[in-house]
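Take a look at the structure set out below.
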Amino acid sequence: MGAPPTRPADRALAKPRRRLPAAVAALVALLAVGAGVLLDLSTPAPRPASAPADEFSAARAYRNVEVIAARPHVAGSEANDRVREHLVGTLRGLGLDTQVQDAVAPEAGQLSGAAGGATLARVRNVVARLPGTDPTGRVFLVSHYDSVQTGPGGNDDAAGTATILEVARALATGPRPRNDVVFVLTDAEEACLCGAAGFAADHPLAADGGVVLNLEARGSTGPVIMFETSRNNAKLVDVFGRAAPHPVGTSFAVEIYRALPNDTDFTAFLDQKFIGLNSAYIDGGAIYHTPLDVPARMDRGSLQMHGDNALGLAREFGRTDLGDLRAGHDDTYFPVPGGLVRYPGWLTLPLAVVALLAVGALGWLLRRRGRATAGTLAAGVALTLVPLVVAPLGAWLLWTAITTVRPGYAELLDPYRPVWYRLAVVALAAAVLLCWYALSRRRVGPAALAFGGLTWLALFGVLLAVLVPGGAYLTTVPALAGAVAALTALATRRDGPWPVVAVTLAAAVAVVILLPTVVLLFPALGMGMGAVAALVAVLLGLAALPVVDLLHPQAGGQRGLLALRARRLGALPATAAALAAVVLAGVGFSVDRFDADHPVPTHLMYALDAGTGKAAWLSHEEAPQPWTDGYVDRSVSVADDFPGLGDGELRAGPAQAASLPAPKLETLADTRAGDQRTLRVRVTPQRPVRLLTLHVDTTTATVRAASVAGREVPVKAREGRWGFGIVFHAPPPEGVEVTLTLATTGGGPVNLRAMDASDGLSALPGFRARPAGVGVVGSHSSEMLAVARTYPL
């Protein structure tokens with residue numbers, strides 16, 4: 001007997017006469033495109049100190065990094081004073097008019113949470129101006145020069161600050177720009193974004209607004225990504241695409257960042273109606289905010305990319321009519337090798353609808369040509385949900401298993417050496433997709449499965465166009481390209497070369513659009529959300545299903561040993577991908593071990609009530625590491641005793657009371673009018689500290705109005721005993737004056753709770769130094785030493 005006839009469901013879009021050469025050619029083409037995409041995302045070679053004076057040199061900038069990040073330099077510290085002196089001297093040495101803005105400024109964004117009222121800081125911003133020849137406005141290059149208390153900030157943000165110094169040098173040595181260029185090096189960004197808020201709201205140079213280029217780093221390596229823009233960004237993105245030598249940025253990233261509760265100095269400028277762009281490199285996040293963020297950990301290529309882009313944009317905005325940069329819409333944009341593709345945001349929904357209609361036309365034509373039936377098309381759509389759900393779930397389960405065995409990962413933004421784990425997630429997604437395809441192909445058919453994949457891409461495109469317009473291109477464009485390619489394949493001879501060419505070109509479009517997204521999502525979200533990258537990897541695979549089909553023996557017609565051989569050959573890609581996932585995860589687990597150079601992160605604080613003499617060790621770790629577990633043994637809320645630390649639960653343990661003074665509270669004035677009482681007090685630290693807090697007991701008074709250092713602050717009480725509070729970062733040695741207008745409760749005293757906080761636990765009784773392999777987590781409260789006392793007035 002002969003082989004059974006080929007069913008309509010078995011008919012693929014392409015049926016080349018020489019299947020193996022066609023598969024090899026298509027795969028080589030896609031690998032070449034993928035290599036081009038990855039090369040485009042790589043950082044440039046750092047230029048030496050001998051580079052021409054009008055170019056950015058990472059080597060020259062790195063000299064400033066070494067000075068700025070020589071040691072931790074939190075706002076208000078002597079180390080920060082020395083950094084500021086270096087910045088002022090460098091900018092004045094370039095012949096620029098340089099000033100220090102010394103002010104008390106409020107918080108920008110919503111970062112503190114612990115105050116239950118108002119957050120402020122004493123800031124000293126370094127501001128220099130390069131005057132333009134015929135200004136139409138001002139261009140502001142912004143970065144912050146302070147660091148966290150736990151690390152020297154070699155990347156965050158010595159990278160941005162040193163970049164601006166080198167850009168200032170390059171601009172000052174060349175022809176003067178048309179527009180003013182203002183270099184703003186802000187203070188107290190890590191504490192509360194207060195430096196940027198103080199400049200944007202109060203400095204004379206900021207009065208008329210302008211274009212802001214904010215430079216950040218949240219890691220140690222990787223491409224510099226332009227991840228945030230002001231609203232109606234079309235003309236800004238046009239300049240970015242033309243003027244930045246390495247224009248890596250996506251409208252999808254902008255949409256995601258706008259939805260997240262994250263802030264940088266850029267937030268303070270947006271609050272004051274500035275326009276602009278926000279850029280950072282974000283890979284290597286394990287060292288973020290830790291003692292490991294030293295200059296030596298910096299990727300000089302990332303620094304070079306920062307500088308190339310900043311200098312190119314400064315020059316372009318420096319000669320542009322800044323009054324003509326506000327557009328009426330956002331652009332959709334994404335990087336491609338050699339540039340940036342962009343189109344008006346108002347095209348997003350129409351394009352998504354066109355893609356969906358094109359996929360619908362494909363389904364109609366597949367039925368008409370006998371390549372599929374209504375039943376198999378419906379089955380193809382339904383079955384495609386399997387990899388879309390299973391692959392992300394598998395990635396989540398993989399990381400859950402790894403963190404269960406190695407719980408130290410829970411406190412890290414990303415592993416120290418994450419590449420093996422990332423590759424394991426991609427291989428796992430590929431294994432799920434290929435296994436699903438091998439099992440479904442004979443039952444439903446290649447054409448119906450390809451239709452199912454394109455249908456979901458198109459549906460996601462419509463959904464994103466409605467909910468997250470800047471991200472709709474991710475699936476709309478591959479769906480449209482795939483539908484056009486499939487329609488082309490149906491219009492030509494199936495056994496000729498053109499169907500293979502068409503589906504390969506469509507897959508190449510998907511690679512160009514989705515591969516960078518997979519690559520950038522890992523450092524952006526961390527391995528804890530690797531499931532999102534797995535989902536995008538599956539979407540890429542669905543867009544390339546007709547090419548995937550070429551890896552399988554021709555569908556239909558086999559029986560007996562031939563059918564068995566075909567099934568075994570079809571299972572090979574899935575088996576290889578699954579094996580690769582296991583091996584890569586194992587290599588990652590073996591290679592990324594905690595050691596002295598890559599320590600397991602731990603979090604510890606010390607809190608003392610100077611009034612009662614009671615002290616405690618505190619930690620944010622939900623499942624304490626063995627070292628931390630030696631200090632804490634239970635969960636508690638510290639909201640009543642230390643309201644300045646927030647109202648969440650912490651792990652706690654008993655501690656010896658250190659001989660440390662609480663902040664001093666002096667009454668400067670006390671007046672009454674009916675049930676209203678006005679208190680003017682001064683809170684003065686009795687030791688070097690980086691912050692002060694003052695809270696009012698709501699059982700004794702209600703705050704109606706408040707001012708700090710002569711500045712009115714909003715009254716926004718929270719739940720609990722200490723409903724209204726003030727947090728003041730970088731307080732001066734002479735203390736901070738606070739005026740409270742109160743509605744008193746009864747005739748008793750008003751209770752005020754004052755707390756201050758410094759950094760460093762090594763001198764405390766009972767503290768044991770961390771052994772090699774145990775490090776400090778990147779947190780604003782790590783190593784904090786807090787002392788509080790209640791004052792009845």
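Starting from 1 in every chain, residues are counted up; chains themselves are A, B, ... following the order of the structure tokens, and ligands are numbered from 1 as listed.
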
Long-range neighbours of Ala410 of chain A as JSON, numbers by chain, 10 Å cut-off, only C-alpha atoms, 6 positions minimum in chain
{"A": [400, 403, 404, 527, 528, 600, 601, 621, 622, 623]}

Could you list, with a cut-off of 12 Å and counting only C-alpha atoms, the residues of segment 282-380 of chain A near segment 12-34 of chain A, each shown with its nearest atom pair and the distance in Å rounded to one decimal, rows sorted by chain and ascending number, as a tab-separated table?
```
residue	atom	partner	partner_atom	distance
A:Val336	CA	A:Val33	CA	10.3
A:Pro337	CA	A:Val33	CA	9.0
A:Leu362	CA	A:Leu13	CA	10.9
A:Leu365	CA	A:Leu13	CA	11.5
A:Leu366	CA	A:Leu13	CA	9.2
A:Arg369	CA	A:Leu13	CA	10.9
A:Gly370	CA	A:Ala12	CA	10.8
A:Arg371	CA	A:Ala12	CA	7.3
A:Ala372	CA	A:Ala12	CA	9.3
```

DSSP-assigned strand (DSSP E) members of segment 325-487 of chain A, reported as a VMD selection string:
chain A and resid 331 to 336 339 to 344

Residues of the last selection are to be written out with C-alpha atoms, as a compact mmCIF listing (two decimals), in the first residue's frame.
```
# COMPACT_ATOMS: atom_id res chain seq x y z
CA ASP A 331 5.95 58.93 18.77
CA THR A 332 6.22 55.17 18.61
CA TYR A 333 9.88 54.27 18.15
CA PHE A 334 12.36 51.42 18.47
CA PRO A 335 16.00 50.75 17.55
CA VAL A 336 17.12 48.92 14.43
CA GLY A 339 19.29 53.91 13.63
CA LEU A 340 15.86 54.44 15.08
CA VAL A 341 12.49 53.69 13.46
CA ARG A 342 9.67 56.01 14.51
CA TYR A 343 6.15 56.84 13.45
CA PRO A 344 3.39 59.03 14.91
```

Could you check which of A:Ala701, A:Ala253, A:Ala543, A:Val689 is closest to Gly76 of chain A, using only C-alpha atoms?
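Smallest distance to Gly76 of chain A is found for A:Val689.
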
Any chance you could list, as a PyMOL selection string, the residues in segment 338-581 of chain A that come up alpha helix (DSSP H) when DSSP is run on the backbone?
chain A and resi 348-368+374-383+385-405+419-444+446-467+473-490+498-525+530-543+545-549+561-581

Report as JSON lines: every residue of segment 289-344 of chain A with an atom at most 9 Å from segment 60-72 of chain A, its closest pair of atoms, and their distance in Å to one decimal, counting only C-alpha atoms, with rows sorted by chain and ascending residue number.
```
{"residue": "A:Pro291", "atom": "CA", "partner": "A:Pro72", "partner_atom": "CA", "distance": 8.3}
{"residue": "A:Asp293", "atom": "CA", "partner": "A:Ala69", "partner_atom": "CA", "distance": 8.6}
{"residue": "A:Val294", "atom": "CA", "partner": "A:Ala69", "partner_atom": "CA", "distance": 6.6}
{"residue": "A:Pro295", "atom": "CA", "partner": "A:Glu66", "partner_atom": "CA", "distance": 5.9}
{"residue": "A:Ala296", "atom": "CA", "partner": "A:Glu66", "partner_atom": "CA", "distance": 8.6}
{"residue": "A:Arg300", "atom": "CA", "partner": "A:Tyr62", "partner_atom": "CA", "distance": 7.8}
{"residue": "A:Leu303", "atom": "CA", "partner": "A:Ala61", "partner_atom": "CA", "distance": 8.1}
{"residue": "A:Gln304", "atom": "CA", "partner": "A:Ala61", "partner_atom": "CA", "distance": 8.7}
{"residue": "A:Gly307", "atom": "CA", "partner": "A:Ala61", "partner_atom": "CA", "distance": 8.7}
```

Output of the above residues as a PDB file, in the first residue's frame, restricted to N, CA and C atoms:
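The resulting file, again_4.pdb, is reproduced below:
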```pdb
ATOM      1  N   PRO A 291      28.531  48.649  48.421  1.00  0.00           N
ATOM      2  CA  PRO A 291      29.950  49.013  48.496  1.00  0.00           C
ATOM      3  C   PRO A 291      30.754  48.591  47.279  1.00  0.00           C
ATOM      4  N   ASP A 293      30.019  49.282  44.222  1.00  0.00           N
ATOM      5  CA  ASP A 293      29.866  50.240  43.122  1.00  0.00           C
ATOM      6  C   ASP A 293      31.053  51.202  43.113  1.00  0.00           C
ATOM      7  N   VAL A 294      32.212  50.643  42.808  1.00  0.00           N
ATOM      8  CA  VAL A 294      33.464  51.391  42.786  1.00  0.00           C
ATOM      9  C   VAL A 294      33.855  51.661  41.334  1.00  0.00           C
ATOM     10  N   PRO A 295      34.734  52.639  41.107  1.00  0.00           N
ATOM     11  CA  PRO A 295      35.118  52.951  39.722  1.00  0.00           C
ATOM     12  C   PRO A 295      35.606  51.746  38.930  1.00  0.00           C
ATOM     13  N   ALA A 296      36.369  50.861  39.566  1.00  0.00           N
ATOM     14  CA  ALA A 296      36.935  49.722  38.845  1.00  0.00           C
ATOM     15  C   ALA A 296      35.868  48.805  38.268  1.00  0.00           C
ATOM     16  N   ARG A 300      33.875  50.876  30.798  1.00  0.00           N
ATOM     17  CA  ARG A 300      34.242  52.137  30.141  1.00  0.00           C
ATOM     18  C   ARG A 300      33.493  52.320  28.824  1.00  0.00           C
ATOM     19  N   LEU A 303      30.379  54.095  29.677  1.00  0.00           N
ATOM     20  CA  LEU A 303      30.707  55.505  29.908  1.00  0.00           C
ATOM     21  C   LEU A 303      30.898  56.236  28.586  1.00  0.00           C
ATOM     22  N   GLN A 304      31.589  55.594  27.633  1.00  0.00           N
ATOM     23  CA  GLN A 304      31.799  56.208  26.325  1.00  0.00           C
ATOM     24  C   GLN A 304      30.472  56.442  25.609  1.00  0.00           C
ATOM     25  N   GLY A 307      28.694  59.381  27.049  1.00  0.00           N
ATOM     26  CA  GLY A 307      29.298  60.635  26.610  1.00  0.00           C
ATOM     27  C   GLY A 307      29.036  60.953  25.157  1.00  0.00           C
TER      28      GLY A 307
END
```

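As for atom CA of Gly160 of chain A and atom CA of Ser143 of chain A, they are spaced 5.4 Å apart.
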
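As for atom CA of Thr290 of chain A and atom CA of His73 of chain A, they are spaced 12.8 Å apart.
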
Determine the nearest neighbour of Ser251 of chain A from the options A:Tyr631, A:Phe227, A:Phe140, A:Phe451, counting only C-alpha atoms.
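Closest candidate: A:Phe227.
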
Between atom CA of Leu398 of chain A and atom CA of Val426 of chain A - distance in Å to one decimal
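These two atoms are separated by 11.8 Å.
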
Residue contacts of Ala486 of chain A (12 Å, only C-alpha atoms) excluding same-chain residues fewer than 5 positions away, as JSON, numbers by chain
{"A": [12, 13, 14, 358, 359, 360, 361, 362, 363, 365, 366, 371, 446, 447, 448, 450, 451, 454, 478, 479, 480, 481, 491, 492, 494, 498, 499, 500, 501, 502, 503, 504, 505, 506, 507, 543, 544, 545, 546, 547]}

Would you export the selected residues with N, CA and C atoms as a tab-separated table (two decimals), in the first residue's frame, please?
```tsv
chain	number	residue	atom	x	y	z
A	12	ALA	N	1.78	23.14	4.59
A	12	ALA	CA	2.51	24.29	5.12
A	12	ALA	C	2.47	25.45	4.14
A	13	LEU	N	2.91	26.62	4.62
A	13	LEU	CA	2.98	27.80	3.75
A	13	LEU	C	4.08	27.65	2.71
A	14	ALA	N	5.16	26.99	3.09
A	14	ALA	CA	6.30	26.80	2.17
A	14	ALA	C	6.64	25.32	2.11
A	358	ALA	N	-5.37	41.94	8.28
A	358	ALA	CA	-4.49	41.17	7.38
A	358	ALA	C	-4.42	39.71	7.83
A	359	VAL	N	-4.36	39.48	9.13
A	359	VAL	CA	-4.36	38.11	9.63
A	359	VAL	C	-5.70	37.43	9.34
A	360	GLY	N	-6.78	38.19	9.48
A	360	GLY	CA	-8.09	37.64	9.14
A	360	GLY	C	-8.17	37.26	7.67
A	361	ALA	N	-7.62	38.11	6.78
A	361	ALA	CA	-7.60	37.79	5.35
A	361	ALA	C	-6.78	36.54	5.09
A	362	LEU	N	-5.70	36.36	5.85
A	362	LEU	CA	-4.88	35.16	5.70
A	362	LEU	C	-5.70	33.92	6.05
A	363	GLY	N	-6.45	33.98	7.16
A	363	GLY	CA	-7.28	32.84	7.53
A	363	GLY	C	-8.30	32.50	6.45
A	365	LEU	N	-8.06	33.11	3.25
A	365	LEU	CA	-7.39	32.57	2.07
A	365	LEU	C	-6.89	31.14	2.32
A	366	LEU	N	-6.46	30.86	3.56
A	366	LEU	CA	-6.03	29.50	3.88
A	366	LEU	C	-7.18	28.51	3.70
A	371	ARG	N	-5.68	24.97	2.50
A	371	ARG	CA	-4.54	24.73	3.39
A	371	ARG	C	-5.00	24.46	4.83
A	446	PRO	N	0.84	22.89	9.96
A	446	PRO	CA	1.71	24.07	10.04
A	446	PRO	C	1.00	25.37	9.71
A	447	ALA	N	0.17	25.38	8.68
A	447	ALA	CA	-0.48	26.63	8.28
A	447	ALA	C	-1.41	27.13	9.38
A	448	ALA	N	-2.18	26.24	9.98
A	448	ALA	CA	-3.12	26.64	11.03
A	448	ALA	C	-2.38	27.14	12.27
A	450	ALA	N	0.65	28.54	12.26
A	450	ALA	CA	1.19	29.85	11.91
A	450	ALA	C	0.11	30.91	12.01
A	451	PHE	N	-1.08	30.58	11.56
A	451	PHE	CA	-2.21	31.50	11.67
A	451	PHE	C	-2.53	31.78	13.13
A	454	LEU	N	0.07	34.25	14.54
A	454	LEU	CA	-0.14	35.62	14.03
A	454	LEU	C	-1.40	36.24	14.61
A	478	PRO	N	5.34	42.71	13.78
A	478	PRO	CA	5.58	41.32	13.39
A	478	PRO	C	4.33	40.63	12.84
A	479	ALA	N	3.15	40.92	13.41
A	479	ALA	CA	1.91	40.31	12.91
A	479	ALA	C	1.63	40.75	11.49
A	480	LEU	N	1.80	42.04	11.23
A	480	LEU	CA	1.55	42.56	9.89
A	480	LEU	C	2.56	41.99	8.90
A	481	ALA	N	3.84	41.95	9.29
A	481	ALA	CA	4.87	41.39	8.40
A	481	ALA	C	4.61	39.92	8.14
A	491	ALA	N	0.44	33.27	-2.72
A	491	ALA	CA	0.27	33.78	-4.09
A	491	ALA	C	1.33	33.25	-5.05
A	492	THR	N	2.30	32.51	-4.55
A	492	THR	CA	3.38	31.99	-5.40
A	492	THR	C	3.42	30.47	-5.29
A	494	ARG	N	4.35	27.05	-4.06
A	494	ARG	CA	4.78	26.64	-2.73
A	494	ARG	C	6.13	25.96	-2.75
A	498	TRP	N	10.35	31.61	-3.36
A	498	TRP	CA	9.79	32.85	-2.81
A	498	TRP	C	9.02	32.67	-1.51
A	499	PRO	N	8.28	31.58	-1.32
A	499	PRO	CA	7.65	31.41	0.00
A	499	PRO	C	8.66	31.38	1.14
A	500	VAL	N	9.78	30.70	0.93
A	500	VAL	CA	10.82	30.65	1.97
A	500	VAL	C	11.41	32.03	2.19
A	501	VAL	N	11.67	32.76	1.10
A	501	VAL	CA	12.21	34.12	1.22
A	501	VAL	C	11.23	35.00	1.99
A	502	ALA	N	9.94	34.90	1.65
A	502	ALA	CA	8.94	35.76	2.29
A	502	ALA	C	8.84	35.50	3.79
A	503	VAL	N	8.74	34.23	4.18
A	503	VAL	CA	8.58	33.94	5.61
A	503	VAL	C	9.87	34.22	6.37
A	504	THR	N	11.01	34.10	5.72
A	504	THR	CA	12.28	34.43	6.38
A	504	THR	C	12.38	35.93	6.61
A	505	LEU	N	11.96	36.73	5.63
A	505	LEU	CA	11.96	38.18	5.81
A	505	LEU	C	11.04	38.60	6.95
A	506	ALA	N	9.86	37.96	7.03
A	506	ALA	CA	8.93	38.28	8.11
A	506	ALA	C	9.54	37.91	9.47
A	507	ALA	N	10.19	36.76	9.54
A	507	ALA	CA	10.86	36.36	10.78
A	507	ALA	C	11.99	37.33	11.14
A	543	ALA	N	6.14	34.35	15.73
A	543	ALA	CA	6.26	35.11	14.49
A	543	ALA	C	7.12	34.37	13.46
A	544	ALA	N	7.97	33.46	13.94
A	544	ALA	CA	8.88	32.74	13.04
A	544	ALA	C	8.46	31.30	12.81
A	545	LEU	N	7.22	30.93	13.11
A	545	LEU	CA	6.80	29.53	12.98
A	545	LEU	C	6.99	28.93	11.59
A	546	PRO	N	6.71	29.68	10.49
A	546	PRO	CA	6.96	29.07	9.18
A	546	PRO	C	8.41	28.69	8.95
A	547	VAL	N	9.33	29.43	9.56
A	547	VAL	CA	10.75	29.07	9.46
A	547	VAL	C	11.03	27.88	10.37
```

Can you tell me, as a VMD selection string, what residues are no more than 7 Å from segment 255-269 of chain A when counting only C-alpha atoms, ignoring any on the same chain fewer than 6 positions away?
chain A and resid 108 to 109 189 193 196 to 197 200 214 228 278 468 470

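Those residues that approach Arg231 of chain A to within 12 Å, counting only C-alpha atoms, are A:Val237, A:Ser251, A:Val254, A:Glu255, A:Arg258, A:Leu270, A:Asp271, A:Lys273, A:Phe274, A:Ile275, A:Gly276, A:Leu277, A:Leu325, A:Arg326, A:Ala327, A:Gly328, A:His329, A:Asp330, A:Asp331, A:Gly345, A:Gly470; same-chain residues fewer than 6 positions away are not listed.
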
For the residues in the current selection, export N, CA and C atoms as a PDB file, in the first residue's frame.
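This is the output file result09.pdb:
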```
ATOM      1  N   VAL A 237      12.146  62.977  20.115  1.00  0.00           N
ATOM      2  CA  VAL A 237      12.608  61.680  19.623  1.00  0.00           C
ATOM      3  C   VAL A 237      13.260  61.827  18.254  1.00  0.00           C
ATOM      4  N   SER A 251       9.734  53.313  22.721  1.00  0.00           N
ATOM      5  CA  SER A 251       8.527  53.907  23.303  1.00  0.00           C
ATOM      6  C   SER A 251       7.894  52.951  24.308  1.00  0.00           C
ATOM      7  N   VAL A 254       9.376  53.751  27.671  1.00  0.00           N
ATOM      8  CA  VAL A 254       8.783  54.980  28.200  1.00  0.00           C
ATOM      9  C   VAL A 254       7.433  54.689  28.847  1.00  0.00           C
ATOM     10  N   GLU A 255       6.614  53.885  28.171  1.00  0.00           N
ATOM     11  CA  GLU A 255       5.298  53.549  28.711  1.00  0.00           C
ATOM     12  C   GLU A 255       5.433  52.791  30.036  1.00  0.00           C
ATOM     13  N   ARG A 258       6.711  55.087  32.890  1.00  0.00           N
ATOM     14  CA  ARG A 258       5.679  56.014  33.364  1.00  0.00           C
ATOM     15  C   ARG A 258       4.706  55.338  34.316  1.00  0.00           C
ATOM     16  N   LEU A 270      10.168  67.442  35.217  1.00  0.00           N
ATOM     17  CA  LEU A 270       8.855  67.267  34.605  1.00  0.00           C
ATOM     18  C   LEU A 270       7.771  67.954  35.429  1.00  0.00           C
ATOM     19  N   ASP A 271       7.915  67.933  36.752  1.00  0.00           N
ATOM     20  CA  ASP A 271       6.937  68.597  37.620  1.00  0.00           C
ATOM     21  C   ASP A 271       6.870  70.098  37.352  1.00  0.00           C
ATOM     22  N   LYS A 273       7.293  71.432  34.317  1.00  0.00           N
ATOM     23  CA  LYS A 273       6.921  71.626  32.903  1.00  0.00           C
ATOM     24  C   LYS A 273       8.108  71.732  31.960  1.00  0.00           C
ATOM     25  N   PHE A 274       9.270  71.199  32.356  1.00  0.00           N
ATOM     26  CA  PHE A 274      10.381  71.088  31.415  1.00  0.00           C
ATOM     27  C   PHE A 274      10.067  69.959  30.429  1.00  0.00           C
ATOM     28  N   ILE A 275      10.798  69.926  29.322  1.00  0.00           N
ATOM     29  CA  ILE A 275      10.737  68.796  28.407  1.00  0.00           C
ATOM     30  C   ILE A 275      12.124  68.172  28.341  1.00  0.00           C
ATOM     31  N   GLY A 276      12.210  66.929  27.863  1.00  0.00           N
ATOM     32  CA  GLY A 276      13.542  66.352  27.766  1.00  0.00           C
ATOM     33  C   GLY A 276      13.566  64.843  27.705  1.00  0.00           C
ATOM     34  N   LEU A 277      14.769  64.304  27.923  1.00  0.00           N
ATOM     35  CA  LEU A 277      15.057  62.883  27.777  1.00  0.00           C
ATOM     36  C   LEU A 277      15.839  62.392  28.988  1.00  0.00           C
ATOM     37  N   LEU A 325       9.954  72.668  19.793  1.00  0.00           N
ATOM     38  CA  LEU A 325      10.156  71.246  20.126  1.00  0.00           C
ATOM     39  C   LEU A 325       8.933  70.575  20.723  1.00  0.00           C
ATOM     40  N   ARG A 326       7.913  71.319  21.010  1.00  0.00           N
ATOM     41  CA  ARG A 326       6.723  70.714  21.615  1.00  0.00           C
ATOM     42  C   ARG A 326       5.787  70.240  20.512  1.00  0.00           C
ATOM     43  N   ALA A 327       5.513  68.943  20.504  1.00  0.00           N
ATOM     44  CA  ALA A 327       4.618  68.353  19.505  1.00  0.00           C
ATOM     45  C   ALA A 327       3.281  68.043  20.155  1.00  0.00           C
ATOM     46  N   GLY A 328       2.324  67.680  19.340  1.00  0.00           N
ATOM     47  CA  GLY A 328       1.005  67.380  19.857  1.00  0.00           C
ATOM     48  C   GLY A 328       0.780  65.918  20.144  1.00  0.00           C
ATOM     49  N   HIS A 329       1.816  65.084  20.018  1.00  0.00           N
ATOM     50  CA  HIS A 329       1.635  63.653  20.212  1.00  0.00           C
ATOM     51  C   HIS A 329       2.965  62.993  20.570  1.00  0.00           C
ATOM     52  N   ASP A 330       2.855  61.796  21.117  1.00  0.00           N
ATOM     53  CA  ASP A 330       4.023  60.946  21.332  1.00  0.00           C
ATOM     54  C   ASP A 330       4.308  60.166  20.056  1.00  0.00           C
ATOM     55  N   ASP A 331       5.566  59.823  19.862  1.00  0.00           N
ATOM     56  CA  ASP A 331       5.952  58.931  18.769  1.00  0.00           C
ATOM     57  C   ASP A 331       6.057  57.504  19.280  1.00  0.00           C
ATOM     58  N   GLY A 345       2.378  58.446  16.997  1.00  0.00           N
ATOM     59  CA  GLY A 345       1.603  57.613  17.896  1.00  0.00           C
ATOM     60  C   GLY A 345       0.155  57.457  17.475  1.00  0.00           C
ATOM     61  N   GLY A 470       2.584  52.909  23.326  1.00  0.00           N
ATOM     62  CA  GLY A 470       3.983  52.902  22.913  1.00  0.00           C
ATOM     63  C   GLY A 470       4.573  51.520  22.758  1.00  0.00           C
TER      64      GLY A 470
END
```

Taking only C-alpha atoms into account, name the residue in A:Thr173, A:Thr376, A:Ser779, A:Gln272 that is nearest to Ala206 of chain A.
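The closest residue to Ala206 of chain A is A:Gln272.
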
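Excluding Thr671 of chain A itself and any same-chain residue fewer than 6 positions from it, the protein and nucleic acid residues within 12 Å of it, counting only C-alpha atoms, are Arg677, Thr678, Leu679, Arg680, Val681, Thr739, Leu740, Thr741 and Leu742 of chain A.
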
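Ranking A:Gly301, A:Gly760, A:Pro407, A:Gly748 by their shortest atom-to-atom distance to Leu604 of chain A, with only C-alpha atoms included, puts A:Gly760 first.
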